[in-house]
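Novice: Data: target-v5.pdb, PDB, C-alpha atoms, pLDDT in the B column.
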ATOM      1  CA  ARG A   1      -2.678  12.871  15.144  1.00 73.00           C
ATOM      2  CA  LYS A   2       1.016  12.333  14.523  1.00 84.00           C
ATOM      3  CA  GLU A   3       2.970  10.393  17.130  1.00 89.00           C
ATOM      4  CA  VAL A   4       5.540  13.165  17.550  1.00 93.00           C
ATOM      5  CA  GLU A   5       4.887  16.832  16.869  1.00 93.00           C
ATOM      6  CA  GLN A   6       7.366  19.668  16.643  1.00 93.00           C
ATOM      7  CA  ASP A   7       7.204  23.313  15.736  1.00 88.00           C
ATOM      8  CA  PRO A   8       8.919  23.321  12.326  1.00 86.00           C
ATOM      9  CA  GLY A   9      10.193  26.880  12.714  1.00 86.00           C
ATOM     10  CA  PRO A  10      12.245  28.240  11.109  1.00 92.00           C
ATOM     11  CA  PHE A  11      14.024  29.800  14.021  1.00 94.00           C
ATOM     12  CA  ASN A  12      16.452  32.530  12.985  1.00 97.00           C
ATOM     13  CA  VAL A  13      18.506  33.746  15.936  1.00 97.00           C
ATOM     14  CA  PRO A  14      21.636  35.860  16.335  1.00 98.00           C
ATOM     15  CA  GLU A  15      24.880  34.373  17.582  1.00 98.00           C
ATOM     16  CA  GLY A  16      24.939  34.170  21.339  1.00 98.00           C
ATOM     17  CA  ALA A  17      21.177  33.895  21.697  1.00 98.00           C
ATOM     18  CA  THR A  18      19.363  31.261  23.721  1.00 98.00           C
ATOM     19  CA  VAL A  19      16.757  29.249  21.832  1.00 97.00           C
ATOM     20  CA  ALA A  20      14.330  26.552  22.964  1.00 96.00           C
ATOM     21  CA  PHE A  21      12.564  23.860  20.958  1.00 94.00           C
ATOM     22  CA  ASN A  22       9.569  21.875  22.050  1.00 94.00           C
ATOM     23  CA  CYS A  23       8.199  18.512  21.097  1.00 95.00           C
ATOM     24  CA  THR A  24       5.072  16.623  22.162  1.00 96.00           C
ATOM     25  CA  TYR A  25       4.371  12.923  21.809  1.00 94.00           C
ATOM     26  CA  SER A  26       1.058  11.119  21.783  1.00 93.00           C
ATOM     27  CA  ASN A  27       1.843   7.695  23.229  1.00 88.00           C
ATOM     28  CA  SER A  28       1.979   7.723  27.012  1.00 85.00           C
ATOM     29  CA  ALA A  29       3.842   4.402  26.962  1.00 86.00           C
ATOM     30  CA  SER A  30       6.834   5.962  25.201  1.00 85.00           C
ATOM     31  CA  GLN A  31      10.004   4.844  26.864  1.00 85.00           C
ATOM     32  CA  SER A  32      12.988   6.482  25.198  1.00 92.00           C
ATOM     33  CA  PHE A  33      13.546   9.984  23.954  1.00 94.00           C
ATOM     34  CA  PHE A  34      16.296  11.636  21.946  1.00 96.00           C
ATOM     35  CA  TRP A  35      17.286  14.771  20.156  1.00 97.00           C
ATOM     36  CA  TYR A  36      19.062  14.197  16.858  1.00 97.00           C
ATOM     37  CA  ARG A  37      20.597  16.804  14.616  1.00 97.00           C
ATOM     38  CA  GLN A  38      20.415  16.688  10.822  1.00 96.00           C
ATOM     39  CA  ASP A  39      22.533  18.923   8.607  1.00 95.00           C
ATOM     40  CA  CYS A  40      21.299  19.682   5.116  1.00 88.00           C
ATOM     41  CA  ARG A  41      19.850  16.240   4.233  1.00 76.00           C
ATOM     42  CA  LYS A  42      22.783  14.369   5.699  1.00 93.00           C
ATOM     43  CA  GLU A  43      22.251  11.571   8.168  1.00 96.00           C
ATOM     44  CA  PRO A  44      20.709  12.264  11.579  1.00 96.00           C
ATOM     45  CA  LYS A  45      23.309  12.314  14.337  1.00 97.00           C
ATOM     46  CA  LEU A  46      22.614  11.870  18.018  1.00 96.00           C
ATOM     47  CA  LEU A  47      22.739  15.128  19.928  1.00 97.00           C
ATOM     48  CA  MET A  48      21.612  13.777  23.273  1.00 96.00           C
ATOM     49  CA  SER A  49      19.338  11.298  24.981  1.00 94.00           C
ATOM     50  CA  VAL A  50      16.617  12.772  27.174  1.00 93.00           C
ATOM     51  CA  TYR A  51      16.071  11.542  30.721  1.00 86.00           C
ATOM     52  CA  SER A  52      13.293  12.176  33.197  1.00 85.00           C
ATOM     53  CA  SER A  53      15.685  14.008  35.484  1.00 86.00           C
ATOM     54  CA  GLY A  54      16.779  16.300  32.676  1.00 87.00           C
ATOM     55  CA  ASN A  55      20.284  16.356  31.335  1.00 92.00           C
ATOM     56  CA  GLU A  56      22.844  18.850  30.203  1.00 94.00           C
ATOM     57  CA  ASP A  57      25.748  18.618  27.795  1.00 94.00           C
ATOM     58  CA  GLY A  58      27.691  21.844  27.530  1.00 96.00           C
ATOM     59  CA  ARG A  59      25.433  24.470  26.013  1.00 98.00           C
ATOM     60  CA  PHE A  60      22.594  21.989  25.475  1.00 98.00           C
ATOM     61  CA  THR A  61      19.936  21.073  28.023  1.00 97.00           C
ATOM     62  CA  ALA A  62      17.171  18.546  27.470  1.00 97.00           C
ATOM     63  CA  GLN A  63      14.080  18.119  29.615  1.00 95.00           C
ATOM     64  CA  LEU A  64      11.351  15.485  29.689  1.00 95.00           C
ATOM     65  CA  ASN A  65       7.930  15.989  31.215  1.00 93.00           C
ATOM     66  CA  ARG A  66       6.126  12.651  31.176  1.00 92.00           C
ATOM     67  CA  ALA A  67       2.925  14.029  32.692  1.00 92.00           C
ATOM     68  CA  SER A  68       2.526  16.514  29.850  1.00 93.00           C
ATOM     69  CA  GLN A  69       4.174  14.224  27.249  1.00 94.00           C
ATOM     70  CA  TYR A  70       6.554  16.973  26.349  1.00 93.00           C
ATOM     71  CA  ILE A  71      10.274  17.191  25.548  1.00 96.00           C
ATOM     72  CA  SER A  72      12.362  20.306  25.229  1.00 96.00           C
ATOM     73  CA  LEU A  73      15.810  21.289  24.040  1.00 97.00           C
ATOM     74  CA  LEU A  74      17.525  24.480  25.140  1.00 97.00           C
ATOM     75  CA  ILE A  75      20.580  25.813  23.345  1.00 98.00           C
ATOM     76  CA  ARG A  76      22.524  28.557  25.084  1.00 98.00           C
ATOM     77  CA  ASP A  77      25.071  30.892  23.505  1.00 98.00           C
ATOM     78  CA  SER A  78      24.157  29.822  19.966  1.00 98.00           C
ATOM     79  CA  LYS A  79      27.006  29.326  17.505  1.00 98.00           C
ATOM     80  CA  LEU A  80      26.903  29.527  13.724  1.00 98.00           C
ATOM     81  CA  SER A  81      27.689  25.804  13.694  1.00 97.00           C
ATOM     82  CA  ASP A  82      24.439  25.082  15.543  1.00 98.00           C
ATOM     83  CA  SER A  83      22.514  25.854  12.338  1.00 97.00           C
ATOM     84  CA  ALA A  84      20.749  22.600  11.471  1.00 96.00           C
ATOM     85  CA  THR A  85      17.444  20.777  11.759  1.00 95.00           C
ATOM     86  CA  TYR A  86      16.770  19.343  15.202  1.00 96.00           C
ATOM     87  CA  LEU A  87      14.754  16.139  15.248  1.00 96.00           C
ATOM     88  CA  CYS A  88      12.766  14.969  18.242  1.00 96.00           C
ATOM     89  CA  VAL A  89      12.742  11.161  18.396  1.00 96.00           C
ATOM     90  CA  VAL A  90      10.606   8.858  20.529  1.00 95.00           C
ATOM     91  CA  ILE A  91      10.548   5.095  20.949  1.00 92.00           C
ATOM     92  CA  PHE A  92       7.472   3.214  22.094  1.00 84.00           C
ATOM     93  CA  GLY A  93       6.447  -0.375  21.689  1.00 79.00           C
ATOM     94  CA  THR A  94       8.652  -3.410  21.451  1.00 78.00           C
ATOM     95  CA  GLY A  95      10.083  -2.817  18.002  1.00 78.00           C
ATOM     96  CA  ASN A  96      12.480  -0.030  18.986  1.00 84.00           C
ATOM     97  CA  GLN A  97      11.685   1.811  15.796  1.00 88.00           C
ATOM     98  CA  PHE A  98      12.178   5.535  15.910  1.00 91.00           C
ATOM     99  CA  TYR A  99       9.235   7.882  15.622  1.00 93.00           C
ATOM    100  CA  PHE A 100      10.490  11.209  14.330  1.00 94.00           C
ATOM    101  CA  GLY A 101       9.074  14.665  14.605  1.00 93.00           C
ATOM    102  CA  THR A 102       9.181  16.707  11.431  1.00 90.00           C
ATOM    103  CA  GLY A 103      12.178  18.616  12.740  1.00 93.00           C
ATOM    104  CA  THR A 104      12.774  22.213  13.773  1.00 94.00           C
ATOM    105  CA  SER A 105      14.981  24.314  11.539  1.00 94.00           C
ATOM    106  CA  LEU A 106      17.487  26.599  13.250  1.00 96.00           C
ATOM    107  CA  THR A 107      19.611  29.224  11.539  1.00 97.00           C
ATOM    108  CA  VAL A 108      22.115  31.147  13.638  1.00 98.00           C
ATOM    109  CA  ILE A 109      22.904  34.506  12.093  1.00 97.00           C
ATOM    110  CA  PRO A 110      26.241  36.323  12.509  1.00 95.00           C
TER     111      PRO A 110
ATOM    112  CA  GLY B   1      33.245  -1.276  10.336  1.00 70.00           C
ATOM    113  CA  GLU B   2      32.994   1.675  12.664  1.00 90.00           C
ATOM    114  CA  GLU B   3      30.166   3.313  10.788  1.00 95.00           C
ATOM    115  CA  VAL B   4      27.038   2.332   8.924  1.00 98.00           C
ATOM    116  CA  ALA B   5      27.967   2.130   5.258  1.00 98.00           C
ATOM    117  CA  GLN B   6      25.293   2.736   2.641  1.00 98.00           C
ATOM    118  CA  THR B   7      25.711   2.380  -1.103  1.00 98.00           C
ATOM    119  CA  PRO B   8      25.190   3.894  -3.544  1.00 98.00           C
ATOM    120  CA  LYS B   9      25.040   7.515  -2.417  1.00 97.00           C
ATOM    121  CA  HIS B  10      22.774   8.459  -5.288  1.00 97.00           C
ATOM    122  CA  LEU B  11      20.655   6.275  -7.533  1.00 98.00           C
ATOM    123  CA  VAL B  12      18.697   7.460 -10.556  1.00 98.00           C
ATOM    124  CA  ARG B  13      16.005   5.275 -12.055  1.00 98.00           C
ATOM    125  CA  GLY B  14      13.324   5.668 -14.664  1.00 97.00           C
ATOM    126  CA  GLU B  15       9.778   4.866 -13.627  1.00 97.00           C
ATOM    127  CA  GLY B  16       9.218   1.138 -13.682  1.00 97.00           C
ATOM    128  CA  GLN B  17      12.872   0.239 -13.189  1.00 98.00           C
ATOM    129  CA  LYS B  18      14.227  -1.684 -10.212  1.00 98.00           C
ATOM    130  CA  ALA B  19      16.274  -0.040  -7.479  1.00 98.00           C
ATOM    131  CA  LYS B  20      18.496  -1.839  -4.989  1.00 98.00           C
ATOM    132  CA  LEU B  21      20.084  -0.169  -2.001  1.00 98.00           C
ATOM    133  CA  TYR B  22      22.687  -1.628   0.345  1.00 98.00           C
ATOM    134  CA  CYS B  23      23.581  -1.172   3.991  1.00 98.00           C
ATOM    135  CA  ALA B  24      26.390  -2.606   6.084  1.00 97.00           C
ATOM    136  CA  PRO B  25      25.736  -2.067   9.790  1.00 97.00           C
ATOM    137  CA  ILE B  26      28.384  -1.240  12.351  1.00 96.00           C
ATOM    138  CA  LYS B  27      30.349  -4.349  13.261  1.00 94.00           C
ATOM    139  CA  GLY B  28      28.797  -6.039  16.257  1.00 93.00           C
ATOM    140  CA  HIS B  29      25.397  -4.432  15.798  1.00 95.00           C
ATOM    141  CA  SER B  30      22.575  -6.943  15.593  1.00 94.00           C
ATOM    142  CA  TYR B  31      19.699  -4.687  14.550  1.00 95.00           C
ATOM    143  CA  VAL B  32      19.230  -2.868  11.278  1.00 97.00           C
ATOM    144  CA  PHE B  33      16.490  -0.348  10.545  1.00 97.00           C
ATOM    145  CA  TRP B  34      15.440   1.186   7.231  1.00 98.00           C
ATOM    146  CA  TYR B  35      13.763   4.606   7.039  1.00 97.00           C
ATOM    147  CA  GLN B  36      12.500   6.672   4.137  1.00 97.00           C
ATOM    148  CA  GLN B  37      12.799  10.461   4.307  1.00 95.00           C
ATOM    149  CA  VAL B  38      10.700  12.417   1.868  1.00 91.00           C
ATOM    150  CA  LEU B  39      10.161  16.168   1.586  1.00 75.00           C
ATOM    151  CA  LYS B  40       9.652  18.316   4.675  1.00 65.00           C
ATOM    152  CA  ASN B  41      11.719  15.972   6.822  1.00 70.00           C
ATOM    153  CA  GLU B  42       9.062  13.301   7.096  1.00 85.00           C
ATOM    154  CA  PHE B  43      10.762  10.089   8.195  1.00 92.00           C
ATOM    155  CA  LYS B  44       8.909   6.852   7.677  1.00 94.00           C
ATOM    156  CA  PHE B  45       9.981   3.571   9.253  1.00 94.00           C
ATOM    157  CA  LEU B  46      10.036   0.734   6.740  1.00 97.00           C
ATOM    158  CA  ILE B  47      11.460  -2.431   8.253  1.00 96.00           C
ATOM    159  CA  SER B  48      13.908  -3.726  10.858  1.00 96.00           C
ATOM    160  CA  PHE B  49      16.029  -6.856  11.157  1.00 96.00           C
ATOM    161  CA  GLN B  50      17.573  -8.754  14.014  1.00 95.00           C
ATOM    162  CA  ASN B  51      20.553 -10.291  12.302  1.00 95.00           C
ATOM    163  CA  GLU B  52      19.067 -12.005   9.237  1.00 96.00           C
ATOM    164  CA  ASN B  53      15.545 -12.222  10.631  1.00 96.00           C
ATOM    165  CA  VAL B  54      12.806  -9.705   9.982  1.00 96.00           C
ATOM    166  CA  PHE B  55      12.059  -8.042  13.306  1.00 95.00           C
ATOM    167  CA  ASP B  56       9.357  -5.544  12.419  1.00 94.00           C
ATOM    168  CA  GLU B  57       7.959  -5.006   8.923  1.00 94.00           C
ATOM    169  CA  THR B  58       4.903  -2.960   9.808  1.00 92.00           C
ATOM    170  CA  GLY B  59       6.100   0.003   7.759  1.00 93.00           C
ATOM    171  CA  MET B  60       6.886  -1.838   4.557  1.00 94.00           C
ATOM    172  CA  PRO B  61       4.603  -1.122   1.616  1.00 93.00           C
ATOM    173  CA  LYS B  62       2.825  -4.355   0.726  1.00 85.00           C
ATOM    174  CA  GLU B  63       3.829  -4.212  -2.901  1.00 92.00           C
ATOM    175  CA  ARG B  64       7.095  -3.556  -4.690  1.00 96.00           C
ATOM    176  CA  PHE B  65       9.299  -3.237  -1.591  1.00 97.00           C
ATOM    177  CA  SER B  66      11.384  -6.062  -0.189  1.00 97.00           C
ATOM    178  CA  ALA B  67      14.413  -6.297   2.074  1.00 98.00           C
ATOM    179  CA  LYS B  68      16.935  -8.857   3.225  1.00 97.00           C
ATOM    180  CA  CYS B  69      19.832  -9.212   5.619  1.00 97.00           C
ATOM    181  CA  LEU B  70      21.863 -12.282   4.761  1.00 94.00           C
ATOM    182  CA  PRO B  71      24.856 -13.585   6.711  1.00 91.00           C
ATOM    183  CA  ASN B  72      28.200 -12.107   5.641  1.00 89.00           C
ATOM    184  CA  SER B  73      26.538  -9.716   3.186  1.00 94.00           C
ATOM    185  CA  PRO B  74      25.289  -6.136   3.361  1.00 96.00           C
ATOM    186  CA  CYS B  75      21.581  -5.780   4.005  1.00 98.00           C
ATOM    187  CA  SER B  76      19.556  -4.729   0.983  1.00 98.00           C
ATOM    188  CA  LEU B  77      16.353  -2.859   0.233  1.00 98.00           C
ATOM    189  CA  GLU B  78      14.861  -3.465  -3.183  1.00 98.00           C
ATOM    190  CA  ILE B  79      12.111  -1.574  -4.931  1.00 97.00           C
ATOM    191  CA  GLN B  80      10.549  -3.230  -7.941  1.00 95.00           C
ATOM    192  CA  ALA B  81       8.915  -1.066 -10.611  1.00 94.00           C
ATOM    193  CA  THR B  82       9.804   2.272  -9.027  1.00 97.00           C
ATOM    194  CA  LYS B  83       7.316   5.107  -9.023  1.00 96.00           C
ATOM    195  CA  LEU B  84       7.848   8.861  -8.859  1.00 96.00           C
ATOM    196  CA  GLU B  85       6.702   8.913  -5.226  1.00 94.00           C
ATOM    197  CA  ASP B  86       9.523   6.536  -4.268  1.00 96.00           C
ATOM    198  CA  SER B  87      11.944   9.449  -4.739  1.00 96.00           C
ATOM    199  CA  ALA B  88      13.404  10.009  -1.288  1.00 96.00           C
ATOM    200  CA  VAL B  89      16.492   9.536   0.824  1.00 96.00           C
ATOM    201  CA  TYR B  90      16.643   6.051   2.295  1.00 97.00           C
ATOM    202  CA  PHE B  91      18.522   5.821   5.573  1.00 98.00           C
ATOM    203  CA  CYS B  92      19.759   2.709   7.245  1.00 98.00           C
ATOM    204  CA  ALA B  93      20.537   2.645  10.961  1.00 97.00           C
ATOM    205  CA  SER B  94      21.963   0.037  13.278  1.00 96.00           C
ATOM    206  CA  THR B  95      22.023  -0.618  16.974  1.00 94.00           C
ATOM    207  CA  ARG B  96      23.831  -3.163  19.094  1.00 91.00           C
ATOM    208  CA  GLY B  97      20.732  -4.536  20.772  1.00 87.00           C
ATOM    209  CA  LEU B  98      17.333  -3.560  22.065  1.00 82.00           C
ATOM    210  CA  ALA B  99      18.704  -2.474  25.418  1.00 82.00           C
ATOM    211  CA  GLU B 100      21.085  -0.056  23.729  1.00 80.00           C
ATOM    212  CA  ASN B 101      18.510   1.734  21.658  1.00 87.00           C
ATOM    213  CA  ILE B 102      20.534   4.615  20.252  1.00 93.00           C
ATOM    214  CA  GLN B 103      20.529   4.190  16.490  1.00 95.00           C
ATOM    215  CA  TYR B 104      23.495   5.157  14.326  1.00 96.00           C
ATOM    216  CA  PHE B 105      22.641   6.219  10.813  1.00 97.00           C
ATOM    217  CA  GLY B 106      24.363   5.745   7.511  1.00 98.00           C
ATOM    218  CA  ALA B 107      24.793   8.646   5.097  1.00 97.00           C
ATOM    219  CA  GLY B 108      21.752   7.559   3.140  1.00 97.00           C
ATOM    220  CA  THR B 109      20.980   6.730  -0.473  1.00 97.00           C
ATOM    221  CA  ARG B 110      19.200   9.411  -2.467  1.00 96.00           C
ATOM    222  CA  LEU B 111      16.846   7.726  -4.935  1.00 97.00           C
ATOM    223  CA  SER B 112      15.600   9.867  -7.793  1.00 97.00           C
ATOM    224  CA  VAL B 113      12.878   8.342  -9.950  1.00 97.00           C
ATOM    225  CA  LEU B 114      12.417  10.191 -13.211  1.00 96.00           C
TER     226      LEU B 114
END
The structure given in the file should be rewritten as C-alpha cells.
Specialist:
Amino acid sequence: RKEVEQDPGPFNVPEGATVAFNCTYSNSASQSFFWYRQDCRKEPKLLMSVYSSGNEDGRFTAQLNRASQYISLLIRDSKLSDSATYLCVVIFGTGNQFYFGTGTSLTVIP
Amino acid sequence: GEEVAQTPKHLVRGEGQKAKLYCAPIKGHSYVFWYQQVLKNEFKFLISFQNENVFDETGMPKERFSAKCLPNSPCSLEIQATKLEDSAVYFCASTRGLAENIQYFGAGTRLSVL
C-alpha cells in the first residue's frame, strides 16, 4: 500500500464551481501535512500547510482528520488559474522527507 | 540566494553516459533533499543532506547514483552509466531546519536518456 493515496482525477469543473480533493495516508505517526500545487511539470509550490484544527486561506480550506488518516482540500469559486495538479504531502519519521501522493489533476473550464 | 537554483534545466545523455546535476539551496537553509519525478507524477525521495553530511540516503539506488554537498559549492547528484529508466525530472528542495519543515523546490532538471 502506498504511503499517501489520492484520487488522480481528472477533475474538470466550470469556473465558479466548488471542488474537493481527498487524500489518505497510511502511517498513523505522520506529523506534518501539506498541499502543494504543481503546474505542468514545473516545481511543486506550497499551497498551504494542514493543521488539525483546519485552516483556510481565501478560497482554499484544508482539513485534517487524524482518526481517519484523511486530508482534504476544498476550493471555492474556482478560477481558470486554479488549473493544476494538487499534491498531497505527508511527513513521518525523523528524516523529514516528503511522501507525495500521485496528485489530483484539476482543469477549470470557462 | 532567495530561491533554490538547479542547473542545467535540461540534460540529454546517451545510455551509458554520465549525468551530473547541480543544486544551490536557499541561503541559510541547512537541509537539501533530492527527489525524482517520473511519469504519472510519481515522486521518489532519493537522498537528503544536513549541510555537507548525508542525512538520509534510504532512497538512493545502491548502484550508479551518488550525491555530495560540499562547503561553498552547489550540491550535486551524479548518475554513472545512465539507463533509459533514469529519464525523469530531478527536483532539489531545501529547508532551513527540521523544525521548519516546509520544503522549497527548485525548477528541476529534466534528464532525457536516449
Novice: Grab the atom CA of A:Val90 to atom CA of B:Val38 distance for me, in Å with one decimal place.
Specialist: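 Answer for the atom CA of A:Val90 to atom CA of B:Val38 separation: 19.0 Å.
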Novice: Considering only C-alpha atoms, tabulate each residue of chain B that lies at most 9 Å from chain A along with its nearest interatomic pair and the corresponding distance in Å to one decimal; arrange the rows by chain and ascending residue number and present them as a Markdown table.
Specialist:
| residue | atom | partner | partner_atom | distance |
| --- | --- | --- | --- | --- |
| B:Phe33 | CA | A:Gln97 | CA | 7.4 |
| B:Lys40 | CA | A:Thr102 | CA | 7.0 |
| B:Asn41 | CA | A:Thr102 | CA | 5.3 |
| B:Glu42 | CA | A:Thr102 | CA | 5.5 |
| B:Phe43 | CA | A:Phe100 | CA | 6.2 |
| B:Lys44 | CA | A:Tyr99 | CA | 8.0 |
| B:Phe45 | CA | A:Gln97 | CA | 7.0 |
| B:Ile47 | CA | A:Gln97 | CA | 8.7 |
| B:Ser48 | CA | A:Gln97 | CA | 7.7 |
| B:Phe55 | CA | A:Gly95 | CA | 7.3 |
| B:Asp56 | CA | A:Gly95 | CA | 6.3 |
| B:Val89 | CA | A:Arg41 | CA | 8.2 |
| B:Phe91 | CA | A:Glu43 | CA | 7.3 |
| B:Leu98 | CA | A:Asn96 | CA | 6.7 |
| B:Asn101 | CA | A:Asn96 | CA | 6.8 |
| B:Ile102 | CA | A:Leu46 | CA | 7.9 |
| B:Gln103 | CA | A:Leu46 | CA | 8.1 |
| B:Tyr104 | CA | A:Lys45 | CA | 7.2 |
| B:Phe105 | CA | A:Glu43 | CA | 6.0 |
| B:Gly106 | CA | A:Glu43 | CA | 6.2 |
| B:Ala107 | CA | A:Glu43 | CA | 4.9 |
| B:Gly108 | CA | A:Glu43 | CA | 6.5 |
Novice: If the PyMOL selection byres ((chain A and resi 55) around 12) is run on the structure shown, which residues does it catch, given as a VMD selection string?
Specialist: chain A and resid 33 to 35 47 to 54 56 to 64 71 to 74
Novice: Calculated over only C-alpha atoms, which of the candidates B:Ala93, B:Ile26, B:Ser87, B:Phe49 has the smallest distance to B:Ala67?
Specialist: B:Phe49
Novice: Do you know which residues are at most 12 Å from stretch 14-19 of chain A counting all atoms listed in the file, after dropping those on the same chain fewer than 4 positions away, and could you put them as a list in words?
Specialist: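 So the residues in contact are Gly9, Pro10, Arg59, Phe60, Thr61, Ser72, Leu73, Leu74, Ile75, Arg76, Asp77, Ser78, Lys79, Leu80, Ser81, Asp82, Ser83, Tyr86, Thr104, Ser105, Leu106, Thr107, Val108, Ile109 and Pro110 of chain A.
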Novice: I'd like to see the residues matched by the PyMOL selection byres ((chain A and resi 29) around 10) on this file, and ideally I'd get them as a PyMOL selection string.
Specialist: chain A and resi 25-28+30-32+66+69+91-93
